[in-house]
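Trainee: Quick one: structure below, then a few questions.
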Amino acid sequence: MNTKIDVLLGLQWGDEGKGKIVDVLTPAYDVVARFQGGPNAGHTIEFGNQKFVLHTIPSGIFNPGTQNVIGNGVIIDPVIFDQEITHLKSSGIDILSNVFISRKAHLILPGHRLLDAVYEKAKGKQKIGSTLKGIGPAYTDKAARNGIRIGDIGRKDFMEKYQKAKQRHLQLAGLFNADFETIKIEGYSFPAYEKLWLEKLELLKAFSQIDSEYFLNDALRERKKILAEGAQGTLLDIDFGSYPFVTSSSTTAAGVCTGLGIAPSNVGRVFGIFKAYCTRVGSGPFPTELFDETGERIRQEGHEFGATTGRPRRCGWLDLPALKYAVMLNGVSELKMMKSDVLSGFKEIKVATHYNINGKLSRQFPSNTEQAEIEPVYKSFPSWDEAIDHLTNFEQLPENLKAFIRFIEKEVGVPISLVSVGPNRNQTIMR
């Protein structure tokens, strides 16, 4: 009988702390596999006195005995990939023998980066807050059957395919009267970035290219333990997120099946990661957003600045209707609560238990968050004054925090099996 693949994903608008928890859990797994997204992800991992931000490589890379798979649902930018592995290699991490890339994973081309900037600029005030990493245009080409995949790199007609794609992208950009000279990609002009991109493309040839669907299903038959690692968060899902202010991939547990080639019957436990409050980067609805000193304090105490973009994150109270919605969509079996230490010392903390939507009370996350007038209905809790970042077991936690945790568990109907009390991997309390 096969083992089942466990899933770890975010339940909010991303930035929940997935990278840290994958790193904490990795010693129990033989394989960690990313199933969607690209370099718009920024998974931050801290241990010892070191800090790493991973964009494409799975967060299991720091455990020498774990194989790391970049699945077919992921999209890869060779330039950003090179930056990532250069940092890891300089710290003595073995990359080449522990990273496997699906032949079916798609490439982010220079033209995708160009189009991302052109499209976002053209939207003006309606912009979605793109990371400008070429994510949307790359997934668009994938869906339109115009994409170029990792497995195409070694083909004799690769440059012919690339040039056709480039001309198509330049034509599209031309429709917006884009001034290519003024658009910078990673600080480079388009021709300079293209030259760099082609150089770094060679690097990908050194990595093991695999049919990841066979690789992972064979591993399950061999009873190996696999953890699927998600990027972004459920509320950014292309179908179920706050559309159109979403990412371009399936960030829910369903994305594991399409992003790795795993049958639904082979999905086991689903670990849902959430912060003790909410954050969001970029545009889009955010019902519990705080625009006052409290919101700014959460931002500063939680160091809420994007790992990928550096942009300040919007901050607000925990949103239970949104959390319950995410738990429902993903079939979450265990919750992992992050950033509880950030709320130490507040006079009170709040949780949205309902929405008042156009005058009617609701517990449901609305399908049209853009147009609905959503007013959160809050329940207040006393905070805790003491620092908790040094605590090592649940019973040591302040009573007010334990009451807060139990309230969330009761409301959502899923146990909180882990509480993070700081950014370092050892600042983690398992229940």
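Residue numbering restarts at 1 for every chain of the structure tokens, chains are lettered A, B, ... in their displayed order, and ligands are numbered from 1 as they appear.
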Taking a cut-off of 7 Å and counting only C-alpha atoms, can you build a table that, for each residue of stretch 203-244 of chain A near stretch 2-8 of chain A, reports the nearest atom pair and how far apart they are in Å (one decimal), sorted by chain then residue number, as a Markdown table?
Mentor:
| residue | atom | partner | partner_atom | distance |
| --- | --- | --- | --- | --- |
| A:Leu220 | CA | A:Thr3 | CA | 5.3 |
| A:Arg221 | CA | A:Asn2 | CA | 4.8 |
| A:Arg223 | CA | A:Thr3 | CA | 5.1 |
| A:Lys224 | CA | A:Thr3 | CA | 6.9 |
| A:Lys225 | CA | A:Ile5 | CA | 6.8 |
| A:Ile226 | CA | A:Ile5 | CA | 5.1 |
| A:Leu227 | CA | A:Asp6 | CA | 4.9 |
| A:Ala228 | CA | A:Val7 | CA | 4.7 |
| A:Glu229 | CA | A:Leu8 | CA | 5.3 |
| A:Gly230 | CA | A:Leu8 | CA | 6.1 |
Trainee: Please, which residues of stretch 24-93 of chain A, numbered as in this document, come out helix (DSSP H, G or I) from DSSP, as a list in words?
Mentor: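 Reading the DSSP output for stretch 24-93 of chain A, helix (DSSP H, G or I) covers Val24, Leu25, Thr26, Pro27, Ala28, Pro78, Val79, Ile80, Phe81, Asp82, Gln83, Glu84, Ile85, Thr86, His87, Leu88, Lys89 and Ser90 of chain A.
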Trainee: What would the file look like if the residues just selected were written as a PDB file, in the first residue's frame with C-alpha atoms?
Mentor:
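Resulting contents of again.pdb:
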ATOM      1  CA  VAL A  24      11.016  22.487  10.791  1.00  0.00           C
ATOM      2  CA  LEU A  25       9.100  19.464   9.434  1.00  0.00           C
ATOM      3  CA  THR A  26      11.615  18.402   6.762  1.00  0.00           C
ATOM      4  CA  PRO A  27      13.630  15.921   8.906  1.00  0.00           C
ATOM      5  CA  ALA A  28      10.527  13.718   8.965  1.00  0.00           C
ATOM      6  CA  PRO A  78      16.889  31.227 -14.699  1.00  0.00           C
ATOM      7  CA  VAL A  79      18.283  34.582 -13.492  1.00  0.00           C
ATOM      8  CA  ILE A  80      16.490  34.500 -10.128  1.00  0.00           C
ATOM      9  CA  PHE A  81      17.203  30.771  -9.825  1.00  0.00           C
ATOM     10  CA  ASP A  82      20.919  31.486 -10.261  1.00  0.00           C
ATOM     11  CA  GLN A  83      20.846  34.196  -7.559  1.00  0.00           C
ATOM     12  CA  GLU A  84      19.169  31.737  -5.215  1.00  0.00           C
ATOM     13  CA  ILE A  85      21.606  28.875  -5.708  1.00  0.00           C
ATOM     14  CA  THR A  86      24.635  31.196  -5.541  1.00  0.00           C
ATOM     15  CA  HIS A  87      23.572  32.246  -2.029  1.00  0.00           C
ATOM     16  CA  LEU A  88      22.962  28.640  -0.987  1.00  0.00           C
ATOM     17  CA  LYS A  89      26.272  27.380  -2.424  1.00  0.00           C
ATOM     18  CA  SER A  90      28.190  30.135  -0.627  1.00  0.00           C
TER      19      SER A  90
END
Trainee: Find the residues around A:Thr252 up to 9 Å (only C-alpha atoms counted), leave out those fewer than 3 positions away in its own chain, and share them as a PDB file with C-alpha atoms, in the first residue's frame.
Mentor:
ATOM      1  CA  LEU A   9       0.006  25.565   2.367  1.00  0.00           C
ATOM      2  CA  GLY A  10      -0.995  29.086   3.374  1.00  0.00           C
ATOM      3  CA  LEU A  11      -4.536  29.966   4.446  1.00  0.00           C
ATOM      4  CA  GLY A 230       2.645  25.522  -1.490  1.00  0.00           C
ATOM      5  CA  GLY A 233      -1.906  31.649   0.019  1.00  0.00           C
ATOM      6  CA  THR A 234      -5.432  30.307  -0.430  1.00  0.00           C
ATOM      7  CA  LEU A 235      -6.975  33.786  -0.693  1.00  0.00           C
ATOM      8  CA  ASP A 237      -5.969  31.307  -5.578  1.00  0.00           C
ATOM      9  CA  PHE A 240     -11.191  30.949  -5.084  1.00  0.00           C
ATOM     10  CA  GLY A 255      -3.113  22.403  -6.984  1.00  0.00           C
ATOM     11  CA  VAL A 256      -1.070  19.514  -5.554  1.00  0.00           C
ATOM     12  CA  ALA A 326      -9.660  28.459   3.457  1.00  0.00           C
ATOM     13  CA  LEU A 329     -11.454  24.579   0.523  1.00  0.00           C
ATOM     14  CA  ASN A 330      -8.306  22.710   1.507  1.00  0.00           C
TER      15      ASN A 330
END
Trainee: In Å, how far is it from atom CA of A:Asp385 to atom CA of A:Leu323?
Mentor: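 Between atom CA of A:Asp385 and atom CA of A:Leu323 the gap works out to 26.0 Å.
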Trainee: Could you please determine the separation between atom CA of A:Gly268 and atom CA of A:Ala254 in Å, to one decimal place?
Mentor: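 The value is 12.4 Å.
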Trainee: Please provide as a PyMOL selection string all residues within 6 Å of stretch 289-301 of chain A, with the sequence filter that same-chain residues fewer than 6 positions apart are discarded (counting only C-alpha atoms).
Mentor: chain A and resi 315-316+342
Trainee: How would the residues just chosen look if you wrote them out with N, CA and C atoms as a short mmCIF file (atom, residue, chain, number, x, y, z; two decimals), in the first residue's frame?
Mentor:
data_model
loop_
_atom_site.label_atom_id
_atom_site.label_comp_id
_atom_site.auth_asym_id
_atom_site.auth_seq_id
_atom_site.Cartn_x
_atom_site.Cartn_y
_atom_site.Cartn_z
N CYS A 315 -1.51 45.41 7.13
CA CYS A 315 -1.71 44.58 8.32
C CYS A 315 -3.11 44.77 8.91
N GLY A 316 -3.66 43.73 9.50
CA GLY A 316 -4.97 43.80 10.12
C GLY A 316 -5.21 42.64 11.06
N VAL A 342 4.27 38.39 18.04
CA VAL A 342 4.11 39.78 17.59
C VAL A 342 3.02 40.49 18.39
#
Trainee: Can you list, as JSON, numbers by chain, every protein, DNA or RNA residue that comes within 9 Å of stretch 43-60 of chain A when you count only C-alpha atoms, leaving out same-chain residues fewer than 4 positions away?
Mentor: {"A": [15, 17, 18, 19, 20, 21, 22, 23, 24, 25, 26, 27, 29, 31, 32, 33, 34, 37, 38, 39, 64, 66, 67, 68, 69, 70, 74, 75, 76, 77, 80, 81, 84, 85, 87, 88, 99, 229, 231, 307, 308, 423, 424, 425, 426]}
Trainee: Using only C-alpha atoms, which residue out of A:Gly154, A:Gly174, A:Gly71, A:Gly147 lies closest to A:Leu204?
Mentor: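 Closest to A:Leu204, using only C-alpha atoms: A:Gly154.
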Trainee: Of the residues A:Phe207, A:Phe404, A:His112, A:Gln167, which is the one nearest to A:Ile153, using only C-alpha atoms?
Mentor: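 Residue with the minimum atom-to-atom distance to A:Ile153: A:Phe207.
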Trainee: Please identify all polymer residues within 7 Å of A:Arg314, counting only C-alpha atoms, omitting same-chain residues fewer than 5 positions from it, and present them as a ChimeraX atom specification.
Mentor: /A:279-281,289
Trainee: Nearest residue to A:Asp341 out of A:Ser417, A:Gly422, A:Arg406, A:Asn356, using only C-alpha atoms?
Mentor: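 Closest residue, counting only C-alpha atoms: A:Gly422.
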Trainee: Nearest to A:Lys339 among A:Val419, A:Lys410, A:Val377, A:Val327, with distances taken over only C-alpha atoms: which residue is it?
Mentor: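 Of A:Val419, A:Lys410, A:Val377, A:Val327, the one nearest A:Lys339, counting only C-alpha atoms, is A:Val419.
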Trainee: Atom CA of A:Gly124 to atom CA of A:Leu109: how many Å, to one decimal?
Mentor: 24.0 Å
Trainee: Could you list, as number ranges by chain, every residue within 9 Å of A:Thr247, counting only C-alpha atoms and ignoring same-chain residues fewer than 4 positions away?
Mentor: A: 37, 130, 135-136, 232, 236-238, 241, 243, 251
